[in-house]
>>> print(open('work35.pdb').read())   # PDB, C-alpha atoms and all ligand atoms
ATOM      1  CA  MET A   1      53.399  77.179 -34.086
ATOM      2  CA  PRO A   2      52.583  76.853 -30.370
ATOM      3  CA  SER A   3      50.241  73.982 -29.568
ATOM      4  CA  ILE A   4      46.646  74.582 -30.414
ATOM      5  CA  PRO A   5      43.725  74.432 -27.966
ATOM      6  CA  THR A   6      41.607  71.587 -29.340
ATOM      7  CA  PRO A   7      41.361  69.967 -32.764
ATOM      8  CA  HIS A   8      37.619  70.532 -32.730
ATOM      9  CA  ASP A   9      37.826  74.244 -32.056
ATOM     10  CA  PRO A  10      36.455  75.701 -35.316
ATOM     11  CA  ARG A  11      38.647  78.795 -34.841
ATOM     12  CA  PHE A  12      41.853  76.912 -34.047
ATOM     13  CA  LEU A  13      43.948  79.437 -36.015
ATOM     14  CA  GLN A  14      42.618  82.391 -34.006
ATOM     15  CA  GLY A  15      45.395  84.894 -33.394
ATOM     16  CA  ARG A  16      47.632  83.409 -36.103
ATOM     17  CA  VAL A  17      48.733  85.085 -39.325
ATOM     18  CA  ALA A  18      48.815  83.150 -42.603
ATOM     19  CA  LEU A  19      50.362  84.361 -45.855
ATOM     20  CA  VAL A  20      48.963  82.726 -49.000
ATOM     21  CA  THR A  21      50.499  83.459 -52.410
ATOM     22  CA  GLY A  22      48.375  83.282 -55.547
ATOM     23  CA  ALA A  23      45.341  83.911 -53.361
ATOM     24  CA  SER A  24      43.259  85.796 -55.934
ATOM     25  CA  ARG A  25      41.641  82.716 -57.444
ATOM     26  CA  GLY A  26      41.589  78.931 -57.746
ATOM     27  CA  ILE A  27      43.379  76.867 -55.139
ATOM     28  CA  GLY A  28      44.939  79.861 -53.349
ATOM     29  CA  ARG A  29      41.537  81.496 -52.953
ATOM     30  CA  ALA A  30      40.068  78.338 -51.407
ATOM     31  CA  ILE A  31      43.054  78.043 -49.050
ATOM     32  CA  ALA A  32      42.828  81.685 -47.939
ATOM     33  CA  LEU A  33      39.101  81.418 -47.236
ATOM     34  CA  ARG A  34      39.495  78.149 -45.354
ATOM     35  CA  LEU A  35      42.268  79.511 -43.128
ATOM     36  CA  ALA A  36      40.299  82.698 -42.433
ATOM     37  CA  ALA A  37      37.261  80.590 -41.493
ATOM     38  CA  ARG A  38      39.505  78.904 -38.923
ATOM     39  CA  GLY A  39      40.394  82.266 -37.427
ATOM     40  CA  ALA A  40      43.670  83.202 -39.144
ATOM     41  CA  ARG A  41      44.309  86.738 -40.340
ATOM     42  CA  VAL A  42      45.250  86.120 -43.952
ATOM     43  CA  ALA A  43      47.674  88.089 -46.119
ATOM     44  CA  CYS A  44      46.243  87.365 -49.573
ATOM     45  CA  VAL A  45      49.035  87.845 -52.112
ATOM     46  CA  ALA A  46      48.577  88.176 -55.880
ATOM     47  CA  THR A  47      50.582  89.838 -58.631
ATOM     48  CA  GLU A  48      48.631  93.038 -57.867
ATOM     49  CA  ALA A  49      46.832  93.781 -54.609
ATOM     50  CA  GLY A  50      43.653  94.710 -56.496
ATOM     51  CA  ARG A  51      43.306  91.150 -57.762
ATOM     52  CA  ALA A  52      43.327  89.713 -54.245
ATOM     53  CA  ARG A  53      41.052  92.358 -52.726
ATOM     54  CA  GLU A  54      37.781  90.460 -53.184
ATOM     55  CA  VAL A  55      39.246  87.363 -51.497
ATOM     56  CA  ALA A  56      40.801  89.467 -48.722
ATOM     57  CA  ASP A  57      37.427  91.145 -48.106
ATOM     58  CA  LEU A  58      35.748  87.725 -47.865
ATOM     59  CA  CYS A  59      38.499  86.565 -45.485
ATOM     60  CA  ALA A  60      38.000  89.715 -43.398
ATOM     61  CA  GLN A  61      34.339  88.736 -42.943
ATOM     62  CA  HIS A  62      35.653  85.677 -41.073
ATOM     63  CA  THR A  63      38.703  87.278 -39.488
ATOM     64  CA  GLU A  64      39.186  90.993 -39.148
ATOM     65  CA  GLY A  65      42.571  92.204 -40.323
ATOM     66  CA  SER A  66      42.939  90.005 -43.409
ATOM     67  CA  GLN A  67      44.398  92.079 -46.229
ATOM     68  CA  ALA A  68      45.330  92.021 -49.916
ATOM     69  CA  TYR A  69      48.928  92.476 -51.043
ATOM     70  CA  GLY A  70      50.557  92.721 -54.478
ATOM     71  CA  CYS A  71      53.915  91.205 -55.357
ATOM     72  CA  ASP A  72      55.631  89.244 -58.102
ATOM     73  CA  VAL A  73      56.796  86.154 -56.226
ATOM     74  CA  ALA A  74      59.796  85.921 -58.550
ATOM     75  CA  ASP A  75      61.131  89.300 -57.341
ATOM     76  CA  THR A  76      63.419  88.543 -54.376
ATOM     77  CA  ALA A  77      63.626  92.112 -53.036
ATOM     78  CA  ALA A  78      59.878  92.669 -53.372
ATOM     79  CA  VAL A  79      59.158  89.414 -51.502
ATOM     80  CA  GLN A  80      61.523  90.401 -48.670
ATOM     81  CA  ALA A  81      59.796  93.786 -48.357
ATOM     82  CA  LEU A  82      56.351  92.199 -48.505
ATOM     83  CA  VAL A  83      57.080  89.691 -45.743
ATOM     84  CA  GLU A  84      58.297  92.552 -43.520
ATOM     85  CA  GLN A  85      55.199  94.605 -44.329
ATOM     86  CA  VAL A  86      52.846  91.710 -43.548
ATOM     87  CA  GLN A  87      54.514  91.121 -40.186
ATOM     88  CA  LYS A  88      54.164  94.802 -39.289
ATOM     89  CA  GLU A  89      50.587  95.172 -40.475
ATOM     90  CA  LEU A  90      49.129  91.812 -39.416
ATOM     91  CA  GLY A  91      51.235  91.334 -36.302
ATOM     92  CA  GLY A  92      53.529  88.428 -37.213
ATOM     93  CA  LEU A  93      53.701  85.386 -39.437
ATOM     94  CA  ASP A  94      52.769  81.838 -38.387
ATOM     95  CA  LEU A  95      51.903  80.024 -41.602
ATOM     96  CA  LEU A  96      53.292  80.397 -45.124
ATOM     97  CA  VAL A  97      51.492  78.816 -48.081
ATOM     98  CA  ASN A  98      53.516  78.975 -51.297
ATOM     99  CA  ASN A  99      50.760  78.453 -53.849
ATOM    100  CA  ALA A 100      51.403  80.919 -56.720
ATOM    101  CA  GLY A 101      52.298  79.116 -59.910
ATOM    102  CA  ILE A 102      52.149  79.296 -63.687
ATOM    103  CA  THR A 103      52.355  76.965 -66.660
ATOM    104  CA  ARG A 104      53.847  77.614 -70.094
ATOM    105  CA  ASP A 105      53.303  74.227 -71.684
ATOM    106  CA  GLN A 106      55.130  73.228 -74.832
ATOM    107  CA  LEU A 107      56.990  70.204 -76.143
ATOM    108  CA  LEU A 108      60.719  70.615 -75.591
ATOM    109  CA  LEU A 109      61.498  71.171 -79.268
ATOM    110  CA  ARG A 110      59.192  74.190 -79.303
ATOM    111  CA  MET A 111      59.761  75.436 -75.747
ATOM    112  CA  THR A 112      61.625  78.732 -75.611
ATOM    113  CA  GLU A 113      64.313  79.554 -73.081
ATOM    114  CA  GLU A 114      62.034  82.341 -71.815
ATOM    115  CA  ASP A 115      59.209  79.807 -71.224
ATOM    116  CA  PHE A 116      61.582  77.609 -69.260
ATOM    117  CA  ASP A 117      63.127  80.418 -67.214
ATOM    118  CA  ARG A 118      59.871  82.152 -66.280
ATOM    119  CA  VAL A 119      58.208  78.968 -65.004
ATOM    120  CA  ILE A 120      61.274  78.165 -62.895
ATOM    121  CA  GLU A 121      61.439  81.772 -61.636
ATOM    122  CA  VAL A 122      57.805  81.880 -60.509
ATOM    123  CA  ASN A 123      57.236  78.323 -59.296
ATOM    124  CA  LEU A 124      60.618  77.398 -57.831
ATOM    125  CA  LYS A 125      62.496  80.644 -57.166
ATOM    126  CA  GLY A 126      59.241  82.228 -55.947
ATOM    127  CA  THR A 127      58.896  79.482 -53.341
ATOM    128  CA  TRP A 128      62.551  79.907 -52.351
ATOM    129  CA  ASN A 129      62.096  83.691 -52.108
ATOM    130  CA  PHE A 130      59.302  83.342 -49.575
ATOM    131  CA  LEU A 131      61.092  80.624 -47.605
ATOM    132  CA  LYS A 132      64.191  82.817 -47.428
ATOM    133  CA  ALA A 133      62.238  85.895 -46.306
ATOM    134  CA  ALA A 134      59.899  84.085 -43.901
ATOM    135  CA  SER A 135      62.062  81.417 -42.282
ATOM    136  CA  ARG A 136      63.403  83.703 -39.529
ATOM    137  CA  PRO A 137      59.975  84.942 -38.370
ATOM    138  CA  LEU A 138      58.596  81.397 -38.667
ATOM    139  CA  MET A 139      61.416  80.082 -36.435
ATOM    140  CA  LYS A 140      60.415  82.563 -33.725
ATOM    141  CA  VAL A 141      56.915  81.071 -33.472
ATOM    142  CA  LYS A 142      57.563  77.450 -34.538
ATOM    143  CA  GLY A 143      55.458  78.163 -37.610
ATOM    144  CA  LYS A 144      54.515  76.026 -40.568
ATOM    145  CA  VAL A 145      55.032  76.035 -44.317
ATOM    146  CA  VAL A 146      52.937  74.345 -46.995
ATOM    147  CA  ASN A 147      54.306  74.403 -50.543
ATOM    148  CA  ILE A 148      51.970  73.585 -53.423
ATOM    149  CA  THR A 149      53.770  71.353 -55.891
ATOM    150  CA  SER A 150      52.082  69.004 -58.412
ATOM    151  CA  VAL A 151      51.842  65.287 -59.192
ATOM    152  CA  VAL A 152      53.565  66.245 -62.422
ATOM    153  CA  GLY A 153      56.664  67.067 -60.343
ATOM    154  CA  LEU A 154      56.659  63.443 -59.206
ATOM    155  CA  THR A 155      55.672  61.699 -62.437
ATOM    156  CA  GLY A 156      56.821  64.083 -65.202
ATOM    157  CA  ASN A 157      54.530  65.040 -68.094
ATOM    158  CA  ALA A 158      55.073  65.430 -71.827
ATOM    159  CA  GLY A 159      54.782  69.104 -72.746
ATOM    160  CA  GLN A 160      55.520  70.276 -69.203
ATOM    161  CA  ALA A 161      59.295  69.878 -68.839
ATOM    162  CA  ASN A 162      59.606  73.392 -67.369
ATOM    163  CA  TYR A 163      56.627  72.993 -65.018
ATOM    164  CA  ALA A 164      57.533  69.443 -63.904
ATOM    165  CA  ALA A 165      61.145  70.506 -63.229
ATOM    166  CA  SER A 166      59.955  73.508 -61.182
ATOM    167  CA  LYS A 167      57.562  71.367 -59.150
ATOM    168  CA  ALA A 168      60.137  68.584 -58.607
ATOM    169  CA  GLY A 169      62.401  71.376 -57.352
ATOM    170  CA  VAL A 170      59.738  72.402 -54.862
ATOM    171  CA  VAL A 171      59.716  68.829 -53.487
ATOM    172  CA  GLY A 172      63.512  69.015 -53.008
ATOM    173  CA  LEU A 173      63.230  72.446 -51.384
ATOM    174  CA  THR A 174      60.530  71.118 -49.059
ATOM    175  CA  LYS A 175      62.625  68.162 -47.886
ATOM    176  CA  SER A 176      65.790  70.250 -47.458
ATOM    177  CA  LEU A 177      64.067  73.045 -45.546
ATOM    178  CA  ALA A 178      62.203  70.479 -43.422
ATOM    179  CA  LYS A 179      65.608  69.153 -42.331
ATOM    180  CA  GLU A 180      67.105  72.640 -41.839
ATOM    181  CA  LEU A 181      64.197  74.034 -39.843
ATOM    182  CA  ALA A 182      63.073  70.982 -37.850
ATOM    183  CA  GLY A 183      65.445  71.873 -35.010
ATOM    184  CA  ARG A 184      63.653  75.223 -34.745
ATOM    185  CA  GLY A 185      60.226  73.563 -34.598
ATOM    186  CA  VAL A 186      59.120  74.612 -38.090
ATOM    187  CA  CYS A 187      57.260  71.965 -40.133
ATOM    188  CA  VAL A 188      57.675  72.222 -43.918
ATOM    189  CA  ASN A 189      55.462  70.086 -46.148
ATOM    190  CA  ALA A 190      54.222  70.000 -49.716
ATOM    191  CA  ILE A 191      50.918  69.128 -51.322
ATOM    192  CA  ALA A 192      50.881  67.656 -54.812
ATOM    193  CA  PRO A 193      47.481  68.206 -56.428
ATOM    194  CA  GLY A 194      46.386  66.191 -59.441
ATOM    195  CA  PHE A 195      43.844  67.662 -61.845
ATOM    196  CA  ILE A 196      41.941  70.462 -60.101
ATOM    197  CA  ALA A 197      39.235  72.597 -61.739
ATOM    198  CA  THR A 198      40.636  76.153 -61.830
ATOM    199  CA  ASP A 199      41.484  78.819 -64.419
ATOM    200  CA  MET A 200      44.839  77.089 -64.863
ATOM    201  CA  THR A 201      43.202  73.903 -66.145
ATOM    202  CA  ALA A 202      40.267  75.633 -67.886
ATOM    203  CA  ALA A 203      42.396  75.953 -71.025
ATOM    204  CA  ILE A 204      42.368  72.146 -71.455
ATOM    205  CA  ASP A 205      39.716  71.322 -74.062
ATOM    206  CA  GLU A 206      36.586  69.473 -72.979
ATOM    207  CA  LYS A 207      37.436  66.242 -74.785
ATOM    208  CA  ALA A 208      40.909  66.030 -73.252
ATOM    209  CA  ALA A 209      39.468  66.868 -69.815
ATOM    210  CA  GLU A 210      36.883  64.048 -70.147
ATOM    211  CA  ALA A 211      39.623  61.627 -71.200
ATOM    212  CA  LEU A 212      41.730  62.653 -68.212
ATOM    213  CA  LYS A 213      38.751  62.336 -65.877
ATOM    214  CA  SER A 214      38.224  58.747 -67.006
ATOM    215  CA  THR A 215      41.736  57.921 -65.740
ATOM    216  CA  ILE A 216      41.023  59.248 -62.233
ATOM    217  CA  PRO A 217      40.110  56.295 -59.965
ATOM    218  CA  LEU A 218      37.790  58.441 -57.806
ATOM    219  CA  GLY A 219      35.976  59.423 -61.013
ATOM    220  CA  ARG A 220      35.928  63.188 -60.632
ATOM    221  CA  ILE A 221      38.107  66.204 -61.203
ATOM    222  CA  GLY A 222      39.326  67.735 -57.960
ATOM    223  CA  ALA A 223      38.015  70.978 -56.471
ATOM    224  CA  PRO A 224      40.171  73.737 -54.929
ATOM    225  CA  GLU A 225      38.486  72.908 -51.596
ATOM    226  CA  ASP A 226      40.006  69.388 -51.731
ATOM    227  CA  ILE A 227      43.420  71.034 -51.496
ATOM    228  CA  ALA A 228      42.361  73.680 -48.968
ATOM    229  CA  ALA A 229      41.133  70.942 -46.607
ATOM    230  CA  ALA A 230      44.599  69.370 -46.569
ATOM    231  CA  VAL A 231      46.300  72.723 -45.947
ATOM    232  CA  GLU A 232      43.930  73.232 -43.034
ATOM    233  CA  PHE A 233      44.898  69.812 -41.665
ATOM    234  CA  LEU A 234      48.642  70.461 -41.960
ATOM    235  CA  ALA A 235      48.200  73.929 -40.399
ATOM    236  CA  GLY A 236      46.357  72.453 -37.444
ATOM    237  CA  PRO A 237      47.356  70.064 -34.669
ATOM    238  CA  GLY A 238      47.212  67.089 -37.059
ATOM    239  CA  GLY A 239      50.270  68.530 -38.771
ATOM    240  CA  ASP A 240      52.394  68.985 -35.673
ATOM    241  CA  TYR A 241      54.450  65.794 -36.208
ATOM    242  CA  ILE A 242      54.593  65.819 -40.013
ATOM    243  CA  THR A 243      57.494  67.385 -41.872
ATOM    244  CA  GLY A 244      59.287  66.998 -45.208
ATOM    245  CA  GLN A 245      56.351  65.136 -46.738
ATOM    246  CA  THR A 246      54.571  65.524 -50.047
ATOM    247  CA  LEU A 247      50.886  64.728 -49.757
ATOM    248  CA  VAL A 248      49.429  63.657 -53.103
ATOM    249  CA  ILE A 249      45.797  64.754 -53.587
ATOM    250  CA  ASP A 250      44.752  63.508 -56.997
ATOM    251  CA  GLY A 251      41.821  61.116 -56.619
ATOM    252  CA  GLY A 252      44.259  58.273 -57.291
ATOM    253  CA  LEU A 253      45.386  59.653 -60.682
ATOM    254  CA  SER A 254      49.078  58.929 -60.124
ATOM    255  CA  LEU A 255      48.586  55.413 -58.711
TER
HETATM  256  P1  LIG A 301      45.495  79.716 -61.109
HETATM  257  O1  LIG A 301      46.152  80.035 -62.401
HETATM  258  O2  LIG A 301      44.020  79.661 -61.051
HETATM  259  O3  LIG A 301      46.000  80.731 -59.984
HETATM  260  C1  LIG A 301      47.366  81.030 -59.850
HETATM  261  C2  LIG A 301      47.555  82.142 -58.847
HETATM  262  O4  LIG A 301      48.948  82.456 -58.803
HETATM  263  C3  LIG A 301      46.827  83.430 -59.245
HETATM  264  O5  LIG A 301      46.343  84.025 -58.053
HETATM  265  C4  LIG A 301      47.925  84.284 -59.818
HETATM  266  O6  LIG A 301      47.690  85.683 -59.678
HETATM  267  C5  LIG A 301      49.114  83.853 -58.971
HETATM  268  N1  LIG A 301      50.391  84.141 -59.620
HETATM  269  C6  LIG A 301      50.840  83.667 -60.803
HETATM  270  N2  LIG A 301      52.055  84.171 -61.055
HETATM  271  C7  LIG A 301      52.375  84.974 -60.014
HETATM  272  C8  LIG A 301      53.497  85.777 -59.687
HETATM  273  N3  LIG A 301      54.563  85.874 -60.509
HETATM  274  N4  LIG A 301      53.493  86.471 -58.513
HETATM  275  C9  LIG A 301      52.424  86.409 -57.690
HETATM  276  N5  LIG A 301      51.331  85.655 -57.942
HETATM  277  C10 LIG A 301      51.314  84.963 -59.087
HETATM  278  O7  LIG A 301      46.150  78.348 -60.639
HETATM  279  P2  LIG A 301      45.634  77.184 -59.645
HETATM  280  O8  LIG A 301      45.128  76.081 -60.475
HETATM  281  O9  LIG A 301      44.815  77.743 -58.568
HETATM  282  O10 LIG A 301      47.056  76.707 -59.080
HETATM  283  C11 LIG A 301      47.555  77.055 -57.805
HETATM  284  C12 LIG A 301      48.807  76.229 -57.562
HETATM  285  O11 LIG A 301      48.467  74.840 -57.634
HETATM  286  C13 LIG A 301      49.903  76.453 -58.591
HETATM  287  O12 LIG A 301      51.158  76.430 -57.960
HETATM  288  C14 LIG A 301      49.752  75.265 -59.510
HETATM  289  O13 LIG A 301      50.953  74.956 -60.164
HETATM  290  C15 LIG A 301      49.340  74.185 -58.534
HETATM  291  N6  LIG A 301      48.658  73.060 -59.140
HETATM  292  C16 LIG A 301      47.450  73.226 -59.801
HETATM  293  C17 LIG A 301      46.842  72.125 -60.364
HETATM  294  C18 LIG A 301      45.538  72.224 -61.072
HETATM  295  O14 LIG A 301      45.103  71.208 -61.633
HETATM  296  N7  LIG A 301      44.856  73.362 -61.090
HETATM  297  C19 LIG A 301      47.447  70.791 -60.314
HETATM  298  C20 LIG A 301      48.693  70.740 -59.608
HETATM  299  C21 LIG A 301      49.262  71.839 -59.042
END
>>> encode(input="work35.pdb", output="structure tokens")
Amino acid sequence: MPSIPTPHDPRFLQGRVALVTGASRGIGRAIALRLAARGARVACVATEAGRAREVADLCAQHTEGSQAYGCDVADTAAVQALVEQVQKELGGLDLLVNNAGITRDQLLLRMTEEDFDRVIEVNLKGTWNFLKAASRPLMKVKGKVVNITSVVGLTGNAGQANYAASKAGVVGLTKSLAKELAGRGVCVNAIAPGFIATDMTAAIDEKAAEALKSTIPLGRIGAPEDIAAAVEFLAGPGGDYITGQTLVIDGGLSL
């Protein structure tokens, strides 16, 4: 991304285009809104465009031109077509946020092959699909990539072998692509959230959530905005000399 006017300019992403996957809710929603508030036109991607429309409309209140798109991130051809469509309709691509993700938790003995494959396809292959489709346009503008991984990808977690493997893969992808694209001025980083209050974690029963909360040094469950703030930082001038890193945002959980 070309250098940005001033770090204090509240619209420092004015004129830039950001693509956020899994933007219909949770962390992706918070990221999309934050980037739009900073002036980016945001392509809000969800499995179906209709699901991302509300977020895209809110983004458009900040930045005209933000739009909703539908695509299964695991579908390589659909992702390629989507990235081309976004460039045509929004006028380019400067920032890619690979946020879409799923869980299918189960202890290994009960985990099906389908549960393993689908989580890898969405979380890891989906990230690769977008990197593959977007790297050329990003090289043209010295753009940026932020991949959302998880602390579980760094620490492992019982019952999440598929998810942890997919997220560890995202860390490896991030480092490799950071090395491949650094010469073209593209910064590629990852963010590893801890326990964040979204639909994904809503399934955890109250007692287990309280127990988990008591192990978080900062004493609270994270909010989607905690992650969005870090994406904003990496997308801005503060991120210009950072690449290949995984920023853990977990209130100290993994310490
Ligand atoms: P969420 O379940 O609330 O939202 C997931 C989003 O991904 C939705 O917009 C959904 O439509 C989209 N999505 C799922 N499968 C898709 C597919 N095949 N194609 C296109 N879009 C798809 O999840 P949440 O909590 O907002 O998570 C966002 C990211 O953060 C995920 O990658 C997740 O693994 C990661 N994360 C979340 C944590 C948490 O505690 N909530 C902790 C660590 C990482």
>>> resolve_selection(input="work35.pdb", expression="the PyMOL selection byres (((chain A and resi 154) around 8) and not hetatm)", output="list in words")
Ser150, Val151, Val152, Gly153, Thr155, Gly156, Ala164, Lys167 and Ala168 of chain A
>>> resolve_selection(input="work35.pdb", expression="the PyMOL selection byres (((chain A and resi 174) around 9) and not hetatm)", output="JSON, numbers by chain")
{"A": [145, 146, 147, 169, 170, 171, 172, 173, 175, 176, 177, 178, 179, 188, 189, 190, 243, 244, 245, 246]}
>>> closest_atom_pairs(input="work35.pdb", of="chain A", to="ligand LIG 301 (chain A)", cutoff="8 Å", atoms="only C-alpha atoms and all ligand atoms", output="Markdown table")
| residue | atom | partner | partner_atom | distance |
| --- | --- | --- | --- | --- |
| A:Thr21 | CA | A:LIG301 | N5 | 6.0 |
| A:Gly22 | CA | A:LIG301 | O5 | 3.3 |
| A:Ala23 | CA | A:LIG301 | O5 | 4.8 |
| A:Ser24 | CA | A:LIG301 | O5 | 4.1 |
| A:Arg25 | CA | A:LIG301 | O5 | 4.9 |
| A:Gly26 | CA | A:LIG301 | O9 | 3.5 |
| A:Ile27 | CA | A:LIG301 | O9 | 3.8 |
| A:Gly28 | CA | A:LIG301 | O9 | 5.6 |
| A:Arg29 | CA | A:LIG301 | O5 | 7.5 |
| A:Val45 | CA | A:LIG301 | N5 | 6.6 |
| A:Ala46 | CA | A:LIG301 | N5 | 4.3 |
| A:Thr47 | CA | A:LIG301 | C9 | 4.0 |
| A:Glu48 | CA | A:LIG301 | O6 | 7.6 |
| A:Arg51 | CA | A:LIG301 | O6 | 7.3 |
| A:Ala52 | CA | A:LIG301 | O5 | 7.5 |
| A:Gly70 | CA | A:LIG301 | C9 | 7.3 |
| A:Cys71 | CA | A:LIG301 | C9 | 5.5 |
| A:Asp72 | CA | A:LIG301 | N4 | 3.5 |
| A:Val73 | CA | A:LIG301 | N4 | 4.0 |
| A:Ala74 | CA | A:LIG301 | N3 | 5.6 |
| A:Asn98 | CA | A:LIG301 | O12 | 7.5 |
| A:Asn99 | CA | A:LIG301 | O12 | 4.6 |
| A:Ala100 | CA | A:LIG301 | O4 | 3.6 |
| A:Gly101 | CA | A:LIG301 | O12 | 3.5 |
| A:Ile102 | CA | A:LIG301 | C6 | 5.4 |
| A:Thr103 | CA | A:LIG301 | O13 | 6.9 |
| A:Val122 | CA | A:LIG301 | N3 | 5.1 |
| A:Asn123 | CA | A:LIG301 | O12 | 6.5 |
| A:Gly126 | CA | A:LIG301 | N3 | 7.5 |
| A:Ile148 | CA | A:LIG301 | O12 | 5.4 |
| A:Thr149 | CA | A:LIG301 | C21 | 5.5 |
| A:Ser150 | CA | A:LIG301 | C20 | 4.0 |
| A:Val151 | CA | A:LIG301 | C20 | 6.3 |
| A:Val152 | CA | A:LIG301 | C20 | 7.2 |
| A:Tyr163 | CA | A:LIG301 | O13 | 7.7 |
| A:Lys167 | CA | A:LIG301 | O13 | 7.6 |
| A:Ala192 | CA | A:LIG301 | C20 | 6.1 |
| A:Pro193 | CA | A:LIG301 | C20 | 4.2 |
| A:Gly194 | CA | A:LIG301 | C19 | 4.8 |
| A:Phe195 | CA | A:LIG301 | O14 | 3.8 |
| A:Ile196 | CA | A:LIG301 | O14 | 3.6 |
| A:Ala197 | CA | A:LIG301 | N7 | 5.7 |
| A:Thr198 | CA | A:LIG301 | O8 | 4.7 |
| A:Asp199 | CA | A:LIG301 | O2 | 4.3 |
| A:Met200 | CA | A:LIG301 | O1 | 4.1 |
| A:Thr201 | CA | A:LIG301 | N7 | 5.3 |
| A:Gly222 | CA | A:LIG301 | O14 | 7.7 |
| A:Pro224 | CA | A:LIG301 | O9 | 7.1 |
>>> atom_distance(input="work35.pdb", atom1="CA of Val141 in chain A", atom2="CA of Val186 in chain A")
8.2 Å
>>> atom_distance(input="work35.pdb", atom1="CA of Ala133 in chain A", atom2="CA of Arg38 in chain A")
24.9 Å
>>> closest_residue(input="work35.pdb", among="A:Cys187, A:Ala78, A:Leu107, A:Val17", to="Gly65 in chain A", atoms="only C-alpha atoms")
A:Val17
>>> residues_around(input="work35.pdb", residues="range 136-139 of chain A", least_positions_apart="3", cutoff="10 Å", atoms="all atoms listed in the file", output="PDB file with C-alpha atoms, in the frame of the given file")
ATOM      1  CA  MET A   1      53.399  77.179 -34.086  1.00  0.00           C
ATOM      2  CA  VAL A  83      57.080  89.691 -45.743  1.00  0.00           C
ATOM      3  CA  GLU A  84      58.297  92.552 -43.520  1.00  0.00           C
ATOM      4  CA  GLN A  87      54.514  91.121 -40.186  1.00  0.00           C
ATOM      5  CA  GLY A  92      53.529  88.428 -37.213  1.00  0.00           C
ATOM      6  CA  LEU A  93      53.701  85.386 -39.437  1.00  0.00           C
ATOM      7  CA  ASP A  94      52.769  81.838 -38.387  1.00  0.00           C
ATOM      8  CA  LEU A  95      51.903  80.024 -41.602  1.00  0.00           C
ATOM      9  CA  LEU A  96      53.292  80.397 -45.124  1.00  0.00           C
ATOM     10  CA  LEU A 131      61.092  80.624 -47.605  1.00  0.00           C
ATOM     11  CA  LYS A 132      64.191  82.817 -47.428  1.00  0.00           C
ATOM     12  CA  ALA A 133      62.238  85.895 -46.306  1.00  0.00           C
ATOM     13  CA  LYS A 142      57.563  77.450 -34.538  1.00  0.00           C
ATOM     14  CA  GLY A 143      55.458  78.163 -37.610  1.00  0.00           C
ATOM     15  CA  LYS A 144      54.515  76.026 -40.568  1.00  0.00           C
ATOM     16  CA  VAL A 145      55.032  76.035 -44.317  1.00  0.00           C
ATOM     17  CA  LEU A 181      64.197  74.034 -39.843  1.00  0.00           C
ATOM     18  CA  ALA A 182      63.073  70.982 -37.850  1.00  0.00           C
ATOM     19  CA  GLY A 183      65.445  71.873 -35.010  1.00  0.00           C
ATOM     20  CA  ARG A 184      63.653  75.223 -34.745  1.00  0.00           C
ATOM     21  CA  GLY A 185      60.226  73.563 -34.598  1.00  0.00           C
ATOM     22  CA  VAL A 186      59.120  74.612 -38.090  1.00  0.00           C
ATOM     23  CA  CYS A 187      57.260  71.965 -40.133  1.00  0.00           C
TER      24      CYS A 187
END
>>> closest_residue(input="work35.pdb", among="A:Arg53, A:Arg118, A:Arg110, A:Arg16", to="Ala235 in chain A", atoms="only C-alpha atoms")
A:Arg16
>>> atom_distance(input="work35.pdb", atom1="CA of Leu82 in chain A", atom2="CA of Glu114 in chain A")
25.9 Å
>>> resolve_selection(input="work35.pdb", expression="the PyMOL selection byres (((chain A and resi 106) around 12) and not hetatm)", output="list in words")
Thr103, Arg104, Asp105, Leu107, Leu108, Leu109, Arg110, Met111, Thr112, Glu113, Glu114, Asp115, Phe116, Val119, Asn157, Ala158, Gly159, Gln160, Ala161, Asn162, Tyr163 and Ala164 of chain A
>>> residues_around(input="work35.pdb", residues="Phe233 in chain A", least_positions_apart="3", cutoff="12 Å", atoms="all atoms listed in the file", output="list of chain:residue names")
A:Pro7, A:His8, A:Phe12, A:Leu13, A:Ile31, A:Arg34, A:Leu35, A:Arg38, A:Lys144, A:Val146, A:Asn189, A:Ile191, A:Asp226, A:Ile227, A:Ala228, A:Ala229, A:Ala230, A:Gly236, A:Pro237, A:Gly238, A:Gly239, A:Asp240, A:Tyr241, A:Ile242, A:Leu247
>>> residues_around(input="work35.pdb", residues="range 205-218 of chain A", least_positions_apart="4", cutoff="6 Å", atoms="only C-alpha atoms", output="list in words")
Gly251, Gly252 and Leu253 of chain A
>>> closest_residue(input="work35.pdb", among="A:Gly219, A:Gly39, A:Gly15, A:Gly50", to="Gln67 in chain A", atoms="all atoms listed in the file")
A:Gly50
>>> axis_aligned_box(input="work35.pdb", around="range 28-32 of chain A", padding_each_side="6 Å", output="AutoDock Vina command-line options")
--center_x 42.5 --center_y 79.9 --center_z -50.6 --size_x 16.9 --size_y 15.6 --size_z 17.4
